[in-house]
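Structure data (CSV, C-alpha atoms) from entry_34.csv:
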chain,number,residue,atom,x,y,z
G,55,MET,CA,39.1,-6.4,4.6
G,56,ALA,CA,42.3,-8.3,3.8
G,57,THR,CA,42.3,-12.1,4.5
G,58,ALA,CA,45.3,-13.8,6.1
G,59,LYS,CA,47.0,-16.7,4.4
G,60,LYS,CA,48.9,-19.5,6.0
G,61,LEU,CA,52.6,-19.7,5.3
G,62,PRO,CA,54.6,-22.9,4.8
G,63,SER,CA,56.0,-22.4,8.3
G,64,GLY,CA,52.5,-22.5,9.7
G,65,SER,CA,52.4,-18.8,10.6
G,66,TRP,CA,49.6,-16.5,9.3
G,67,ARG,CA,50.4,-13.5,7.2
G,68,CYS,CA,48.1,-10.7,6.2
G,69,GLN,CA,49.0,-8.0,3.6
G,70,VAL,CA,47.3,-4.6,3.2
G,71,TYR,CA,47.9,-2.0,0.5
G,72,ASP,CA,50.3,0.7,1.5
G,73,TYR,CA,51.1,2.9,-1.4
G,74,THR,CA,51.9,3.1,-5.2
G,75,ASP,CA,55.4,4.3,-6.2
G,76,GLU,CA,56.4,6.6,-9.0
G,77,ASN,CA,56.7,3.6,-11.4
G,78,GLY,CA,53.1,2.6,-10.7
G,79,LYS,CA,54.1,-0.4,-8.5
G,80,ARG,CA,51.8,-1.2,-5.6
G,81,HIS,CA,53.4,-1.8,-2.3
G,82,TYR,CA,51.9,-3.8,0.6
G,83,LYS,CA,52.5,-3.9,4.3
G,84,SER,CA,52.7,-7.4,5.9
G,85,PHE,CA,51.6,-8.5,9.3
G,86,THR,CA,52.5,-12.0,10.6
G,87,SER,CA,51.3,-14.0,13.6
G,88,THR,CA,53.4,-17.0,14.7
G,89,ASP,CA,50.3,-18.6,16.3
G,90,GLN,CA,49.3,-21.4,13.9
G,91,SER,CA,45.7,-21.7,15.1
G,92,THR,CA,42.8,-19.8,13.8
G,93,LYS,CA,43.4,-17.3,16.6
G,94,GLY,CA,46.7,-16.4,14.8
G,95,LYS,CA,44.8,-15.8,11.6
G,96,ARG,CA,42.4,-13.4,13.3
G,97,GLU,CA,45.4,-11.7,15.0
G,98,ALA,CA,47.2,-11.0,11.7
G,99,GLU,CA,44.0,-9.7,10.1
G,100,ARG,CA,43.4,-7.4,13.1
G,101,MET,CA,46.9,-5.9,12.9
G,102,ALA,CA,46.3,-5.3,9.2
G,103,ALA,CA,42.9,-3.7,9.8
G,104,ASP,CA,44.3,-1.5,12.5
G,105,TYR,CA,47.1,-0.3,10.2
G,106,ALA,CA,44.6,0.5,7.4
G,107,ALA,CA,42.4,2.4,9.8
G,108,GLU,CA,45.3,4.4,11.2
G,109,LYS,CA,46.5,5.1,7.6
G,110,GLU,CA,43.1,6.3,6.7
G,111,LEU,CA,42.9,8.6,9.7
G,112,ARG,CA,46.4,10.0,8.9
G,113,SER,CA,45.3,10.8,5.4
G,114,HIS,CA,42.2,12.6,6.7
G,115,CYS,CA,44.3,14.7,9.0
G,116,THR,CA,46.4,16.0,6.2
G,117,LEU,CA,43.3,17.6,4.6
G,118,THR,CA,42.4,21.2,5.2
G,119,PHE,CA,39.0,21.9,6.8
G,120,GLY,CA,37.9,23.4,3.5
G,121,GLU,CA,38.8,20.2,1.6
G,122,ALA,CA,37.1,18.0,4.2
G,123,PHE,CA,34.0,20.2,4.1
G,124,ASP,CA,33.8,19.9,0.3
G,125,ASN,CA,34.3,16.1,0.4
G,126,TYR,CA,31.6,15.9,3.1
G,127,VAL,CA,29.0,17.7,1.0
G,128,LYS,CA,30.1,15.9,-2.2
G,129,ASP,CA,29.7,12.5,-0.6
G,130,ARG,CA,26.2,13.4,0.5
G,131,ALA,CA,25.0,15.3,-2.5
G,132,SER,CA,22.5,12.6,-3.5
G,133,VAL,CA,20.8,12.5,-0.1
G,134,LEU,CA,20.9,16.1,1.2
G,135,ALA,CA,18.2,18.5,0.2
G,136,VAL,CA,19.0,21.1,-2.4
G,137,SER,CA,18.3,23.9,0.1
G,138,THR,CA,20.6,22.2,2.7
G,139,ILE,CA,23.5,22.0,0.3
G,140,ARG,CA,23.0,25.7,-0.7
G,141,GLU,CA,22.9,26.7,3.0
G,142,TYR,CA,26.1,24.6,3.8
G,143,LYS,CA,28.0,26.3,1.0
G,144,ARG,CA,26.7,29.8,2.0
G,145,THR,CA,27.8,29.2,5.6
G,146,LYS,CA,31.3,28.1,4.4
G,147,ARG,CA,31.7,31.3,2.4
G,148,ALA,CA,30.2,33.7,4.9
G,149,ASP,CA,31.2,32.2,8.3
G,150,LEU,CA,33.9,29.5,8.1
G,151,SER,CA,36.6,31.3,6.0
G,152,GLU,CA,39.1,31.3,8.8
G,153,PHE,CA,39.0,27.5,8.9
G,154,ASP,CA,39.3,27.0,5.2
G,155,LYS,CA,43.1,26.6,4.9
G,156,MET,CA,43.5,25.1,8.4
G,157,LYS,CA,44.7,21.5,8.6
G,158,ILE,CA,42.1,19.2,10.2
G,159,GLU,CA,44.8,17.9,12.5
G,160,ASN,CA,45.4,21.4,13.9
G,161,ILE,CA,41.8,22.0,14.9
G,162,THR,CA,41.1,21.6,18.6
G,163,PRO,CA,38.0,21.8,20.8
G,164,GLU,CA,39.5,25.0,22.4
G,165,LEU,CA,39.9,26.6,19.0
G,166,ILE,CA,36.3,25.8,18.1
G,167,GLN,CA,35.0,27.2,21.5
G,168,GLU,CA,36.9,30.5,20.9
G,169,PHE,CA,35.4,30.7,17.4
G,170,ILE,CA,31.9,30.1,18.7
G,171,ASN,CA,32.4,32.7,21.4
G,172,ARG,CA,33.2,35.3,18.8
G,173,LYS,CA,30.3,34.3,16.5
G,174,ALA,CA,27.9,34.5,19.5
G,175,ARG,CA,28.7,38.2,19.8
G,176,GLU,CA,27.5,38.9,16.2
G,177,LYS,CA,25.1,36.2,15.3
G,178,SER,CA,21.8,34.9,16.7
G,179,PRO,CA,21.9,31.8,18.9
G,180,LYS,CA,20.1,29.8,16.2
G,181,THR,CA,22.7,30.8,13.5
G,182,VAL,CA,25.6,30.0,15.9
G,183,LYS,CA,24.1,26.6,16.6
G,184,ASN,CA,23.7,25.9,12.9
G,185,ILE,CA,27.4,26.9,12.2
G,186,HIS,CA,28.6,24.7,15.0
G,187,GLY,CA,26.4,21.8,13.7
G,188,ILE,CA,28.2,21.9,10.3
G,189,ILE,CA,31.7,22.0,11.9
G,190,SER,CA,30.7,19.1,14.2
G,191,ALA,CA,29.4,17.0,11.3
G,192,VAL,CA,32.5,17.4,9.2
G,193,LEU,CA,34.9,16.7,12.1
G,194,LYS,CA,32.8,13.7,13.2
G,195,VAL,CA,33.8,12.1,9.8
G,196,TYR,CA,37.4,13.3,9.5
G,197,ARG,CA,38.4,13.5,13.2
G,198,PRO,CA,36.1,11.0,14.8
G,199,GLU,CA,38.4,10.6,17.9
G,200,MET,CA,37.9,14.3,18.9
G,201,ALA,CA,35.0,14.9,21.3
G,202,LEU,CA,33.3,18.3,21.1
G,203,ASN,CA,31.6,19.7,24.2
G,204,THR,CA,31.2,23.2,22.9
G,205,ALA,CA,29.2,25.6,25.1
G,206,LEU,CA,26.6,27.3,22.8
G,207,PRO,CA,24.7,30.5,23.4
G,208,GLN,CA,21.4,30.1,25.2
G,209,LYS,CA,18.4,29.8,22.8
G,210,VAL,CA,16.2,32.9,22.6
G,211,PRO,CA,12.5,32.2,22.1
G,212,PRO,CA,11.4,33.6,18.8
G,213,LYS,CA,9.0,36.6,18.8
G,214,LEU,CA,6.1,35.4,16.8
G,215,TYR,CA,3.0,37.3,15.7
G,216,ILE,CA,0.3,34.9,14.9
G,217,PRO,CA,-2.5,36.6,12.9
G,218,THR,CA,-6.1,36.3,14.1
G,219,ASP,CA,-9.3,35.5,12.2
G,220,GLU,CA,-9.9,39.3,11.9
G,221,ASP,CA,-6.3,39.8,10.5
G,222,VAL,CA,-6.8,37.1,7.9
G,223,LYS,CA,-10.2,38.6,6.8
G,224,THR,CA,-8.6,42.0,6.6
G,225,LEU,CA,-5.8,40.6,4.5
G,226,LEU,CA,-8.1,38.9,2.1
G,227,ASN,CA,-10.1,42.1,1.6
G,228,HIS,CA,-6.9,43.9,0.4
G,229,ILE,CA,-5.7,41.4,-2.1
G,230,ASP,CA,-6.0,42.5,-5.7
G,231,ASP,CA,-3.8,39.7,-7.3
G,232,GLU,CA,-5.4,36.3,-8.0
G,233,ASP,CA,-2.1,34.4,-7.6
G,234,MET,CA,-1.5,36.0,-4.2
G,235,MET,CA,-5.2,35.4,-3.3
G,236,ILE,CA,-4.7,31.6,-4.0
G,237,ALA,CA,-1.3,31.6,-2.2
G,238,VAL,CA,-2.8,33.1,0.9
G,239,LEU,CA,-5.8,30.7,0.9
G,240,LEU,CA,-3.5,27.7,0.5
G,241,ALA,CA,-1.2,28.8,3.3
G,242,ALA,CA,-3.9,30.0,5.8
G,243,PHE,CA,-6.3,27.1,5.3
G,244,GLY,CA,-4.0,24.3,4.2
G,245,PRO,CA,-1.6,25.0,5.7
G,246,LEU,CA,1.0,24.9,2.9
G,247,ARG,CA,4.5,26.2,2.8
G,248,ARG,CA,5.3,28.7,0.1
G,249,SER,CA,7.6,26.2,-1.7
G,250,GLU,CA,4.8,23.6,-1.7
G,251,ILE,CA,2.3,26.2,-3.1
G,252,CYS,CA,4.7,27.1,-5.9
G,253,GLY,CA,5.1,23.4,-6.8
G,254,LEU,CA,1.4,22.5,-6.7
G,255,GLU,CA,-0.2,21.5,-10.0
G,256,ASP,CA,-3.8,20.8,-11.2
G,257,THR,CA,-2.9,17.1,-11.5
G,258,ASP,CA,-2.2,16.9,-7.8
G,259,PHE,CA,-5.9,17.3,-7.0
G,260,ASN,CA,-8.5,14.6,-6.7
G,261,GLY,CA,-11.7,16.5,-5.9
G,262,ASN,CA,-11.0,18.8,-3.0
G,263,ILE,CA,-8.0,16.8,-1.8
G,264,ALA,CA,-4.5,18.0,-2.8
G,265,HIS,CA,-1.5,15.6,-2.9
G,266,ILE,CA,1.4,17.7,-1.6
G,267,GLN,CA,4.4,16.0,-3.1
G,268,ARG,CA,6.6,18.7,-4.7
G,269,ALA,CA,8.4,21.9,-3.7
G,270,VAL,CA,10.2,24.7,-5.5
G,271,VAL,CA,13.5,25.7,-3.9
G,272,LEU,CA,16.6,27.7,-4.8
G,273,ASP,CA,19.7,25.6,-5.6
G,274,GLU,CA,23.3,26.4,-5.0
G,275,ASN,CA,23.4,28.1,-8.4
G,276,LYS,CA,20.5,30.4,-7.5
G,277,GLN,CA,18.2,28.6,-9.8
G,278,TRP,CA,14.6,27.6,-8.8
G,279,VAL,CA,14.2,23.8,-9.1
G,280,ASP,CA,11.6,21.2,-8.2
G,281,LYS,CA,12.4,18.7,-5.5
G,282,THR,CA,10.5,16.5,-3.1
G,283,THR,CA,8.9,17.9,0.0
G,284,LYS,CA,10.9,19.2,2.9
G,285,SER,CA,10.5,15.9,4.8
G,286,VAL,CA,8.7,12.5,4.6
G,287,ALA,CA,6.0,14.1,6.7
G,288,GLY,CA,5.6,16.8,4.1
G,289,ASN,CA,4.4,14.4,1.5
G,290,ARG,CA,0.7,14.3,2.4
G,291,TYR,CA,-2.9,14.8,1.4
G,292,VAL,CA,-4.7,18.0,2.4
G,293,PRO,CA,-8.5,18.5,2.0
G,294,PHE,CA,-9.6,22.1,1.1
G,295,PRO,CA,-13.0,23.7,1.7
G,296,ASP,CA,-15.1,24.5,-1.3
G,297,PHE,CA,-14.5,28.2,-1.2
G,298,VAL,CA,-10.8,27.6,-1.8
G,299,MET,CA,-11.4,25.0,-4.5
G,300,ASP,CA,-13.7,27.5,-6.3
G,301,ARG,CA,-10.7,29.7,-7.0
G,302,ILE,CA,-8.5,27.0,-8.4
G,303,ARG,CA,-10.7,24.4,-10.2
G,304,ASP,CA,-10.2,25.9,-13.7
G,305,ARG,CA,-6.4,26.4,-13.4
G,306,LYS,CA,-4.1,24.2,-15.5
G,307,GLY,CA,-0.5,23.4,-14.8
G,308,ARG,CA,1.0,25.3,-11.8
G,309,ILE,CA,-1.8,26.5,-9.6
G,310,VAL,CA,0.2,29.7,-8.6
G,311,HIS,CA,2.4,31.4,-11.2
G,312,LEU,CA,4.9,32.8,-8.7
G,313,LYS,CA,8.2,31.9,-7.2
G,314,PRO,CA,8.7,31.6,-3.4
G,315,ASN,CA,10.6,34.9,-3.2
G,316,GLN,CA,7.9,36.7,-5.2
G,317,ILE,CA,5.3,35.5,-2.7
G,318,SER,CA,7.3,36.8,0.2
G,319,ASP,CA,8.0,40.2,-1.4
G,320,ARG,CA,4.3,40.7,-2.4
G,321,PHE,CA,3.1,39.6,1.0
G,322,ILE,CA,5.2,42.3,2.7
G,323,ASP,CA,3.5,45.0,0.6
G,324,LEU,CA,0.1,43.4,1.2
G,325,VAL,CA,0.4,43.4,5.0
G,326,ALA,CA,1.6,47.1,4.8
G,327,ARG,CA,-1.5,48.0,2.6
G,328,SER,CA,-3.8,46.2,5.0
G,329,GLY,CA,-2.6,48.3,8.0
G,330,LEU,CA,-1.8,45.1,10.0
G,331,PRO,CA,1.1,44.5,12.3
G,332,ARG,CA,4.0,43.1,10.3
G,333,PHE,CA,4.2,39.3,10.1
G,334,ARG,CA,5.5,36.8,7.6
G,335,PHE,CA,3.8,34.7,5.0
G,336,HIS,CA,5.0,31.7,6.9
G,337,ASP,CA,3.0,32.9,9.9
G,338,LEU,CA,-0.2,32.0,8.1
G,339,ARG,CA,0.8,28.3,8.7
G,340,HIS,CA,1.0,29.1,12.4
G,341,TYR,CA,-2.4,30.8,12.2
G,342,CYS,CA,-3.9,27.6,10.7
G,343,ALA,CA,-2.3,25.4,13.4
G,344,SER,CA,-3.4,27.6,16.3
G,345,ILE,CA,-7.0,27.8,15.0
G,346,GLN,CA,-7.2,24.0,14.7
G,347,HIS,CA,-5.8,23.7,18.2
G,348,ALA,CA,-8.4,26.1,19.5
G,349,LEU,CA,-11.1,24.0,17.8
G,350,GLY,CA,-9.9,21.0,19.7
G,351,VAL,CA,-8.4,19.2,16.7
G,352,PRO,CA,-5.9,16.5,18.0
G,353,ASP,CA,-2.2,17.5,17.6
G,354,ALA,CA,-1.5,14.3,15.5
G,355,TYR,CA,-3.9,15.4,12.9
G,356,ILE,CA,-2.7,19.0,12.9
G,357,MET,CA,0.9,17.7,12.4
G,358,GLN,CA,-0.3,15.4,9.5
G,359,ARG,CA,-2.2,18.2,7.7
G,360,GLY,CA,0.7,20.7,8.1
G,361,GLY,CA,3.5,18.3,7.2
G,362,TRP,CA,5.3,18.7,10.5
G,363,GLY,CA,7.5,15.8,11.5
G,364,SER,CA,7.4,16.6,15.2
G,365,ASP,CA,5.3,18.7,17.6
G,366,ALA,CA,8.1,21.1,18.5
G,367,VAL,CA,6.8,23.9,16.2
G,368,LEU,CA,3.2,23.4,17.4
G,369,LYS,CA,4.3,23.7,21.0
G,370,GLN,CA,6.1,26.9,20.2
G,371,VAL,CA,3.0,28.3,18.4
G,372,TYR,CA,0.6,27.3,21.3
G,373,ARG,CA,3.0,28.8,23.9
G,374,HIS,CA,2.8,32.1,22.0
G,375,THR,CA,-0.9,31.9,21.7
G,376,LEU,CA,-1.3,31.3,25.4
G,377,SER,CA,1.0,34.2,26.2
G,378,ASP,CA,-1.3,36.5,24.2
G,379,GLN,CA,-4.2,35.4,26.4
G,380,SER,CA,-2.3,35.6,29.6
G,381,GLU,CA,-3.8,38.9,30.8
G,382,THR,CA,-7.3,37.7,30.4
G,383,LEU,CA,-6.5,34.4,32.0
G,384,ASN,CA,-4.8,36.1,34.9
G,385,HIS,CA,-8.0,38.1,35.6
G,386,VAL,CA,-10.0,34.9,35.6
G,387,ILE,CA,-7.6,33.2,38.0
G,388,ASN,CA,-7.4,36.2,40.3
G,389,ASP,CA,-11.1,36.7,40.3
G,390,HIS,CA,-11.6,33.1,41.3
G,391,PHE,CA,-9.2,33.4,44.2
G,392,SER,CA,-10.7,36.8,45.3
G,393,ASN,CA,-14.2,35.3,45.4
G,394,LEU,CA,-12.9,32.4,47.4
G,395,CYS,CA,-11.1,34.6,50.0
G,396,ASN,CA,-14.0,37.1,50.3
G,397,THR,CA,-16.2,34.2,51.7
G,398,LYS,CA,-16.7,34.7,55.5
G,399,TYR,CA,-15.4,31.7,57.4
G,400,HIS,CA,-16.5,31.0,61.0
G,401,THR,CA,-14.3,29.2,63.5
G,402,LYS,CA,-15.7,27.1,66.3
Take the structure from the file and write it as structure tokens.
Amino acid sequence: MATAKKLPSGSWRCQVYDYTDENGKRHYKSFTSTDQSTKGKREAERMAADYAAEKELRSHCTLTFGEAFDNYVKDRASVLAVSTIREYKRTKRADLSEFDKMKIENITPELIQEFINRKAREKSPKTVKNIHGIISAVLKVYRPEMALNTALPQKVPPKLYIPTDEDVKTLLNHIDDEDMMIAVLLAAFGPLRRSEICGLEDTDFNGNIAHIQRAVVLDENKQWVDKTTKSVAGNRYVPFPDFVMDRIRDRKGRIVHLKPNQISDRFIDLVARSGLPRFRFHDLRHYCASIQHALGVPDAYIMQRGGWGSDAVLKQVYRHTLSDQSETLNHVINDHFSNLCNTKYHTK
């Protein structure tokens, strides 16, 4: 921030950089307060700061949304996850092309609402919310004075299939690939994400305890790279039972010699061969969480073991598990009330 200087007259003057001309000469804007006290000094500095802020805002508004988007990602490249940057750029190419050449100053809340309305007719509520989140984040930096109160489509509860104990046993009986066997064991009894499984090395183990500290993800250039775990909660220690460790004790280097996409592709074939209802590799994590919950394990420990930063996913899993049992539970409830009302009461 520029500092005001006192003039021979006693007034305070503060200068702030304005522009550089074609000859390379720097030009400054001057702001003067005739108040000779320290109050005048602060007044001159405030006027200079206001001008600098307005000038910065004007320069932002001359950007196109595409330029602002690129600057936003570039400025955060060192702190955003590789997968997040990849998804941002994919979203820009696939869903935000109509904003690419539009000046930031010409974007209005009404324009964004119309855009979201159109997207809601062709995309899932979650995808629309993610698209809007990116737009909002960019505009918050380059149009901070604009308030967005966009109405978003109502969230649709996901349709989960959480495998049972019997499903997992059937699955294990149909695996004929040692890498996939280990991957399934680590996911179902860890529970580890596929990116964490692919990053796990023999040096990460101390006895039966694995230190989960690495993940393999696809970067913006479609190359598989190592990075830290998905979140701070993802960096954790997970103890495994002996029957899992028996499969991996003698392995050196990477425990599983597969990439995340290979695990997903092979898992689809495995489920089909097993004759089970179709579900994702990731649902093995949900299986592990639901079993721990059924065993009475506290949520805090389930979250720590699974690397969840909040209980939102767990609640979603439990809600689905309870819905599967609703028919049985309804019978129990109705039988109780039926027995109650079949009792003969006598009035005096």
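Counting all atoms listed in the file, Ile216 (chain G) has the following residues at most 9 Å away, ignoring those fewer than 2 positions along the same chain: Leu214, Thr218, Phe333, Asp337, Leu338, His340, Tyr341, Ser344, Val371, His374 and Thr375 of chain G.
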Query - Point (55.0, -7.9, 3.8), cut-off 12 Å, counting only C-alpha atoms, residues as a VMD selection string - result: chain G and resid 58 to 59 66 to 72 80 to 86 98 102
Query raised in the report: Looking at G:Tyr196, G:Asp296, G:Leu240, G:Ala174, which one is nearest to Tyr126 (chain G), with distances taken over all atoms listed in the file?
Result: G:Tyr196
Report summary line: Using only C-alpha atoms, the best pick from G:Val182, G:Ile158, G:Ile356, G:Val271 as closest to Arg290 (chain G) would be G:Ile356
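Minimum atom-to-atom distances from G:Ala326, G:Asp319, G:Phe335, G:Arg175 to Pro217 (chain G) were compared using all atoms listed in the file, and the lowest value belongs to G:Phe335.
Within the 10 Å cut-off around region 273-284 of chain G, using all atoms listed in the file and omitting residues fewer than 4 positions from it on the same chain, the listed residues are G:Ala135, G:Val136, G:Ser137, G:Thr138, G:Ile139, G:Arg140, G:Glu141, G:Tyr142, G:Lys143, G:Arg144, G:Arg247, G:Ser249, G:Glu250, G:Cys252, G:Gly253, G:Ile266, G:Gln267, G:Arg268, G:Ala269, G:Gly288, G:Asn289, G:Arg290, G:Lys313, G:Pro314, G:Gly361, G:Trp362, G:Gly363.
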Query raised in the report: So which one's closest to Pro245 (chain G), G:Val210, G:Ala343, G:Leu272, G:Val286? Using all atoms listed in the file, please.
Result: G:Ala343
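Computed from the coordinates, the CA of Pro163 (chain G) to CA of Thr118 (chain G) distance equals 16.2 Å.
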Report as a CSV table (one decimal) with C-alpha atoms, in the coordinates of the input all protein, DNA and RNA residues lying within 10 Å of region 234-238 of chain G, evaluated on only C-alpha atoms, omitting residues in the same chain fewer than 3 positions from it.
chain,number,residue,atom,x,y,z
G,222,VAL,CA,-6.8,37.1,7.9
G,225,LEU,CA,-5.8,40.6,4.5
G,226,LEU,CA,-8.1,38.9,2.1
G,227,ASN,CA,-10.1,42.1,1.6
G,228,HIS,CA,-6.9,43.9,0.4
G,229,ILE,CA,-5.7,41.4,-2.1
G,230,ASP,CA,-6.0,42.5,-5.7
G,231,ASP,CA,-3.8,39.7,-7.3
G,241,ALA,CA,-1.2,28.8,3.3
G,242,ALA,CA,-3.9,30.0,5.8
G,243,PHE,CA,-6.3,27.1,5.3
G,244,GLY,CA,-4.0,24.3,4.2
G,245,PRO,CA,-1.6,25.0,5.7
G,246,LEU,CA,1.0,24.9,2.9
G,247,ARG,CA,4.5,26.2,2.8
G,248,ARG,CA,5.3,28.7,0.1
G,251,ILE,CA,2.3,26.2,-3.1
G,252,CYS,CA,4.7,27.1,-5.9
G,298,VAL,CA,-10.8,27.6,-1.8
G,299,MET,CA,-11.4,25.0,-4.5
G,301,ARG,CA,-10.7,29.7,-7.0
G,302,ILE,CA,-8.5,27.0,-8.4
G,309,ILE,CA,-1.8,26.5,-9.6
G,310,VAL,CA,0.2,29.7,-8.6
G,311,HIS,CA,2.4,31.4,-11.2
G,312,LEU,CA,4.9,32.8,-8.7
G,316,GLN,CA,7.9,36.7,-5.2
G,317,ILE,CA,5.3,35.5,-2.7
G,318,SER,CA,7.3,36.8,0.2
G,320,ARG,CA,4.3,40.7,-2.4
G,321,PHE,CA,3.1,39.6,1.0
G,324,LEU,CA,0.1,43.4,1.2
G,335,PHE,CA,3.8,34.7,5.0
G,336,HIS,CA,5.0,31.7,6.9
G,338,LEU,CA,-0.2,32.0,8.1
G,339,ARG,CA,0.8,28.3,8.7
Query raised in the report: With only C-alpha atoms as the atoms that count, which of G:Leu254, G:Thr181, G:Thr116, G:Asp124 lies nearest to Lys157 (chain G)?
Result: G:Thr116
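With CA of Met101 (chain G) on one side and CA of Ser63 (chain G) on the other, the separation reads 19.4 Å.
Taking CA of Phe153 (chain G) and CA of Ala106 (chain G) as endpoints, the distance between them is 27.6 Å.
Closest approach to Phe123 (chain G) among G:Leu165, G:Ala264, G:Leu150, G:Val367 is made by G:Leu150 (distances from only C-alpha atoms).
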**Report entry** Contact residues around Lys177 (chain G) with only C-alpha atoms at 12 Å, ignoring same-chain residues under 5 positions, as number ranges by chain
**Finding:** G: 148-149, 169-172, 182-185, 206-207, 209-210
Written selection (C-alpha atoms) as a PDB file, in the frame of the given file:
ATOM      1  CA  ALA G 148      30.200  33.700   4.900  1.00  0.00           C
ATOM      2  CA  ASP G 149      31.200  32.200   8.300  1.00  0.00           C
ATOM      3  CA  PHE G 169      35.400  30.700  17.400  1.00  0.00           C
ATOM      4  CA  ILE G 170      31.900  30.100  18.700  1.00  0.00           C
ATOM      5  CA  ASN G 171      32.400  32.700  21.400  1.00  0.00           C
ATOM      6  CA  ARG G 172      33.200  35.300  18.800  1.00  0.00           C
ATOM      7  CA  VAL G 182      25.600  30.000  15.900  1.00  0.00           C
ATOM      8  CA  LYS G 183      24.100  26.600  16.600  1.00  0.00           C
ATOM      9  CA  ASN G 184      23.700  25.900  12.900  1.00  0.00           C
ATOM     10  CA  ILE G 185      27.400  26.900  12.200  1.00  0.00           C
ATOM     11  CA  LEU G 206      26.600  27.300  22.800  1.00  0.00           C
ATOM     12  CA  PRO G 207      24.700  30.500  23.400  1.00  0.00           C
ATOM     13  CA  LYS G 209      18.400  29.800  22.800  1.00  0.00           C
ATOM     14  CA  VAL G 210      16.200  32.900  22.600  1.00  0.00           C
TER      15      VAL G 210
END
Query raised in the report: Which residues come within 12 Å of Lys194 (chain G), counting only C-alpha atoms, excluding same-chain residues fewer than 6 positions away, as a list of chain:residue names?
Result: G:Leu111, G:His114, G:Ala122, G:Phe123, G:Tyr126, G:Ile158, G:His186, G:Gly187, G:Ile188, G:Met200, G:Ala201, G:Leu202
Quick one: write out the picked residues with C-alpha atoms as an mmCIF file, in the coordinates of the input?
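File again10.cif, as written:
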data_model
loop_
_atom_site.group_PDB
_atom_site.id
_atom_site.type_symbol
_atom_site.label_atom_id
_atom_site.label_comp_id
_atom_site.auth_asym_id
_atom_site.auth_seq_id
_atom_site.Cartn_x
_atom_site.Cartn_y
_atom_site.Cartn_z
ATOM 1 C CA LEU G 111 42.900 8.600 9.700
ATOM 2 C CA HIS G 114 42.200 12.600 6.700
ATOM 3 C CA ALA G 122 37.100 18.000 4.200
ATOM 4 C CA PHE G 123 34.000 20.200 4.100
ATOM 5 C CA TYR G 126 31.600 15.900 3.100
ATOM 6 C CA ILE G 158 42.100 19.200 10.200
ATOM 7 C CA HIS G 186 28.600 24.700 15.000
ATOM 8 C CA GLY G 187 26.400 21.800 13.700
ATOM 9 C CA ILE G 188 28.200 21.900 10.300
ATOM 10 C CA MET G 200 37.900 14.300 18.900
ATOM 11 C CA ALA G 201 35.000 14.900 21.300
ATOM 12 C CA LEU G 202 33.300 18.300 21.100
#
